Structure formats: structure tokens, C-alpha cells
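Student: My questions all concern the structure below.
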Amino acid sequence: DVKKIARKPKQVSHVEAAVLPLAGVSAYQGVVEHINLQDGQKILIHGGAGGIGGFAVQIAKHLGAYVATTVSAQDIDYVKGLGADMVIDYKTQRFEDLIHEYDAVFDDSGSGGDTYERSFRVVKKGGVIVSMTEQPREDLAEQYGVRTMRQSTDVTQERLAKLAELVDRGVIKVYIDKTFPLDQAAAALTYLQTKHSRGKVVLQVKSVV
């Protein structure tokens with residue numbers, strides 16, 4: 001669909017550009033449009049080492065927010081490199097015991113309803129929780145006085161163009177965990193299922209000269 005394509009960013013390779021559309025637009029749509037994150041606000045991003053989460057951390061920092069994120073221990077330095085101000089090891093720490101009165105939570109981690117429900121405890125009244133996986137819990141939203149929604153990402157030409165601009169300005173960097181040739185697509189899926197990837201995994205159809 002011509003309404004869902006845009007020019008490739010000039011500052012990245014074709015392989016790096018392949019990472020951007022869905023993951024990048026998901027982060028942009030969630031942080032910029034649905035949350036409307038502002039300079040000086042505080043946001044908790046679940047899964048900051050993943051593809052969407054990594055873009056969300058970078059976009060939130062660009063907007064001037066204070067960014068906390070949940071990751072596993074081996075990814076702490078990685079997300080600090082992305083700009084995270086506070087990093088929480090979700091395996092050994094409970095984020096709701098450490099942070100409070102945040103303006104927003106963005107959850108793309110797919111870690112389940114327990115993480116989503118606990119997120120209500122860290123958002124201040126009038127704040128917002130956007131989840132990529134969980135249906136809105138209106139009972140909890142009313143109890144805590146927050147707004148909640150489930151994001152369905154819509155890749156459009158306008159959003160892709162804005163994302164490409166951020167990439168070319170150096171605001172967003174692309175991180176690729178591993179690249180597989182197309183004939184190893186099955187191995188790539190196995191890798192995603194069994195390894196803890198940072199950034200994105202790319203299938204390369206053919207070498208680009």
C-alpha cells in the first residue's frame with residue numbers, strides 16, 4: 001500500500017532500515033501520540049532491551065523525559081547506553097516497590113497480566129498506561145484514576161517519515177542483535193524463541209552491494 005511506505009533513512013543501511021517500520025512505529029505511536037510524553041515527565045518502559053522497548057527508551061529521552069525501564073541483569077549496561085536513567089532487574093526487583101508517581105507506563109514486553117496490573121501502582125492520578133498486549137482494565141483505571149489503552153500499531157507513511165527523520169538526525173540508533181540469510185529463517189525463529197535478543201533479528205533476502 002503506497003500509504004504505508006516512505007523513503008529509507010539516508011544514514012542507515014538497508015539491513016538497518018528493515019528493523020525500523022513496525023518496531024519503530026510502535027514505539028513512536030505509543031510514546032509520542034498515545035502517551036503524549038512531555039519534557040520533564042517520568043515514564044516506565046517495560047522490556048527496554050527489546051526491539052520496540054529500545055526505540056521507546058531513545059524517543060522518550062529525546063523528548064526530555066526521565067526514563068526507567070525493566071530488563072534482565074545482562075541487559076543493564078545496554079539500556080543505560082540507550083539513555084535509560086533508572087534500570088530495574090525484573091528478575092530480582094519489583095518495580096512497584098522502587099518507583100512511584102510516574103506519568104506513564106509503556107508496556108510492549110508481553111510479560112503478562114501480572115506486570116500490567118502491578119503497573120497501576122506506579123502511575124500517578126491522571127497518568128496513562130499503554131500496553132501492546134493487554135486489554136484495558138477499566139476497573140483498575142477507575143480505582144487508580146489513570147487512563148489505559150491497548151495499542152494497535154498502524155504503520156503509515158507519515159509515521160514512517162517522522163521516524164526516518166529522527167534516525168537521520170541521530171536521535172534514534174538501530175541495534176541489530178543478529179542477521180540470518182533468508183534460507184535460515186527457521187534458525188532465526190529458533191534463535192528468537194530460545195535466546196534473549198537485544199534489538200532486532202533480521203532476515204536478509206540477499207546481499208546489498
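Letters A, B, ... mark the chains of the C-alpha cells in the order given; residue numbers begin at 1 per chain; ligand numbers begin at 1, in order shown.
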Could you pull out the alpha helix (DSSP H) residues of chain A, going by DSSP on the backbone, and write them as a ChimeraX atom specification?
Tutor: /A:14-28,51-62,76-82,95-98,113-119,138-144,157-168,185-194
Student: Can you list, as a ChimeraX atom specification, every protein, DNA or RNA residue that comes within 12 Å of Gln135 in chain A when you count only C-alpha atoms, leaving out same-chain residues fewer than 5 positions away?
Tutor: /A:107,110,112-113,116-117,129-130,140-141,148-152
Student: Step one, run DSSP on the backbone; step two, keep only residues of range 11-209 of chain A assigned to strand (DSSP E or B); then write them as JSON, numbers by chain.
Tutor: {"A": [42, 43, 44, 45, 46, 50, 66, 67, 68, 69, 70, 71, 86, 87, 88, 89, 102, 103, 104, 105, 106, 107, 123, 124, 125, 126, 127, 128, 129, 130, 131, 147, 148, 149, 150, 176, 177, 178, 179, 180, 181, 199, 200, 201, 202, 203, 204]}
Student: Taking C-alpha atoms for each residue, export the selection above as a PDB file, in the first residue's frame.
Tutor:
ATOM      1  CA  LYS A  42       8.603  10.289  34.120  1.00  0.00           C
ATOM      2  CA  ILE A  43       7.918   7.094  32.182  1.00  0.00           C
ATOM      3  CA  LEU A  44       8.394   3.397  32.916  1.00  0.00           C
ATOM      4  CA  ILE A  45       9.116   1.322  29.819  1.00  0.00           C
ATOM      5  CA  HIS A  46       8.847  -2.440  30.249  1.00  0.00           C
ATOM      6  CA  GLY A  50      13.804  -5.396  23.118  1.00  0.00           C
ATOM      7  CA  TYR A  66      13.133  10.650  32.935  1.00  0.00           C
ATOM      8  CA  VAL A  67      13.158   7.020  31.800  1.00  0.00           C
ATOM      9  CA  ALA A  68      13.006   3.914  33.969  1.00  0.00           C
ATOM     10  CA  THR A  69      12.987   0.501  32.323  1.00  0.00           C
ATOM     11  CA  THR A  70      12.777  -3.158  33.288  1.00  0.00           C
ATOM     12  CA  VAL A  71      15.278  -5.640  31.853  1.00  0.00           C
ATOM     13  CA  MET A  86      16.977   4.002  36.017  1.00  0.00           C
ATOM     14  CA  VAL A  87      17.271   0.312  35.238  1.00  0.00           C
ATOM     15  CA  ILE A  88      15.340  -2.338  37.163  1.00  0.00           C
ATOM     16  CA  ASP A  89      16.203  -6.042  37.046  1.00  0.00           C
ATOM     17  CA  TYR A 102       5.113   8.280  37.306  1.00  0.00           C
ATOM     18  CA  ASP A 103       3.292   9.986  34.474  1.00  0.00           C
ATOM     19  CA  ALA A 104       3.146   6.974  32.164  1.00  0.00           C
ATOM     20  CA  VAL A 105       3.887   3.303  31.581  1.00  0.00           C
ATOM     21  CA  PHE A 106       4.559   1.821  28.145  1.00  0.00           C
ATOM     22  CA  ASP A 107       4.444  -1.975  28.084  1.00  0.00           C
ATOM     23  CA  VAL A 123       1.331   5.762  37.884  1.00  0.00           C
ATOM     24  CA  LYS A 124       0.026   8.926  39.487  1.00  0.00           C
ATOM     25  CA  LYS A 125      -3.579  10.061  39.165  1.00  0.00           C
ATOM     26  CA  GLY A 126      -4.212  11.440  35.710  1.00  0.00           C
ATOM     27  CA  GLY A 127      -1.400   9.327  34.228  1.00  0.00           C
ATOM     28  CA  VAL A 128      -1.631   6.785  31.430  1.00  0.00           C
ATOM     29  CA  ILE A 129      -0.747   3.143  30.791  1.00  0.00           C
ATOM     30  CA  VAL A 130      -0.358   1.958  27.201  1.00  0.00           C
ATOM     31  CA  SER A 131       0.028  -1.772  26.598  1.00  0.00           C
ATOM     32  CA  ARG A 147      -6.159   6.294  31.626  1.00  0.00           C
ATOM     33  CA  THR A 148      -5.371   2.960  30.000  1.00  0.00           C
ATOM     34  CA  MET A 149      -5.442   1.665  26.449  1.00  0.00           C
ATOM     35  CA  ARG A 150      -4.267  -1.208  24.294  1.00  0.00           C
ATOM     36  CA  ILE A 176      20.622  -5.436  15.368  1.00  0.00           C
ATOM     37  CA  ASP A 177      21.187  -8.492  17.505  1.00  0.00           C
ATOM     38  CA  LYS A 178      21.787 -10.943  14.650  1.00  0.00           C
ATOM     39  CA  THR A 179      21.283 -11.266  10.896  1.00  0.00           C
ATOM     40  CA  PHE A 180      20.313 -14.505   9.144  1.00  0.00           C
ATOM     41  CA  PRO A 181      20.154 -15.253   5.415  1.00  0.00           C
ATOM     42  CA  GLY A 199      17.328  -5.067  19.482  1.00  0.00           C
ATOM     43  CA  LYS A 200      16.043  -6.888  16.416  1.00  0.00           C
ATOM     44  CA  VAL A 201      16.805 -10.003  14.387  1.00  0.00           C
ATOM     45  CA  VAL A 202      16.892  -9.504  10.600  1.00  0.00           C
ATOM     46  CA  LEU A 203      16.322 -11.858   7.687  1.00  0.00           C
ATOM     47  CA  GLN A 204      18.468 -10.703   4.782  1.00  0.00           C
TER      48      GLN A 204
END
Student: Can you pull out the residues contacting Arg169 in chain A? Cut-off 10 Å, using only C-alpha atoms, and skip same-chain residues under 3 positions away; I want them as a PyMOL selection string.
Tutor: chain A and resi 9-11+163-166+172-173
Student: Which is closer to Val25 in chain A than all the others in A:Ala56, A:Val205, A:Ile76, A:Val12, using only C-alpha atoms?
Tutor: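 Checking each candidate against Val25 in chain A, we get A:Ala56 as the closest.
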Student: Write out as a PyMOL selection string each polymer residue whose atoms come within 10 Å of Asp1 in chain A, counting only C-alpha atoms; drop sequence neighbours fewer than 4 positions from it.
Tutor: chain A and resi 5+156-157
Student: Could the residues in this selection be written to a file with N, CA, C and O atoms, as a PDB file, in the first residue's frame?
Tutor:
ATOM      1  N   ILE A   5       4.262   3.282   2.968  1.00  0.00           N
ATOM      2  CA  ILE A   5       5.690   3.254   2.673  1.00  0.00           C
ATOM      3  C   ILE A   5       6.248   4.673   2.713  1.00  0.00           C
ATOM      4  O   ILE A   5       5.514   5.651   2.555  1.00  0.00           O
ATOM      5  N   THR A 156       1.990   4.013   9.014  1.00  0.00           N
ATOM      6  CA  THR A 156       1.557   4.926   7.959  1.00  0.00           C
ATOM      7  C   THR A 156       2.765   5.652   7.373  1.00  0.00           C
ATOM      8  O   THR A 156       3.847   5.685   7.969  1.00  0.00           O
ATOM      9  N   GLN A 157       2.559   6.235   6.213  1.00  0.00           N
ATOM     10  CA  GLN A 157       3.627   6.988   5.559  1.00  0.00           C
ATOM     11  C   GLN A 157       4.107   8.142   6.442  1.00  0.00           C
ATOM     12  O   GLN A 157       5.307   8.391   6.565  1.00  0.00           O
TER      13      GLN A 157
END
Student: When you count only C-alpha atoms, which of these residues is closest to Asp77 in chain A: A:Thr92, A:Ala49, A:Ser207, A:Val174?
Tutor: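 The closest residue to Asp77 in chain A is A:Ala49.
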Student: Looking at A:Ser109, A:Leu192, A:Arg159, A:Ile59, which one is nearest to Pro21 in chain A, with distances taken over only C-alpha atoms?
Tutor: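 Checking each candidate against Pro21 in chain A, we get A:Arg159 as the closest.
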Student: Can you work out which one of A:Lys80, A:Lys3, A:Lys91, A:Arg198 has the shortest atom-to-atom distance to Lys61 in chain A, counting only C-alpha atoms?
Tutor: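 The closest residue to Lys61 in chain A is A:Lys80.
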Student: Which residues are close to Val31 in chain A, i.e. within 7 Å by only C-alpha atoms, leaving aside same-chain residues fewer than 5 positions away? Reply as a list in words.
Tutor: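 So the residues in contact are Asn36, Leu37, Ala56 and Ala60 of chain A.
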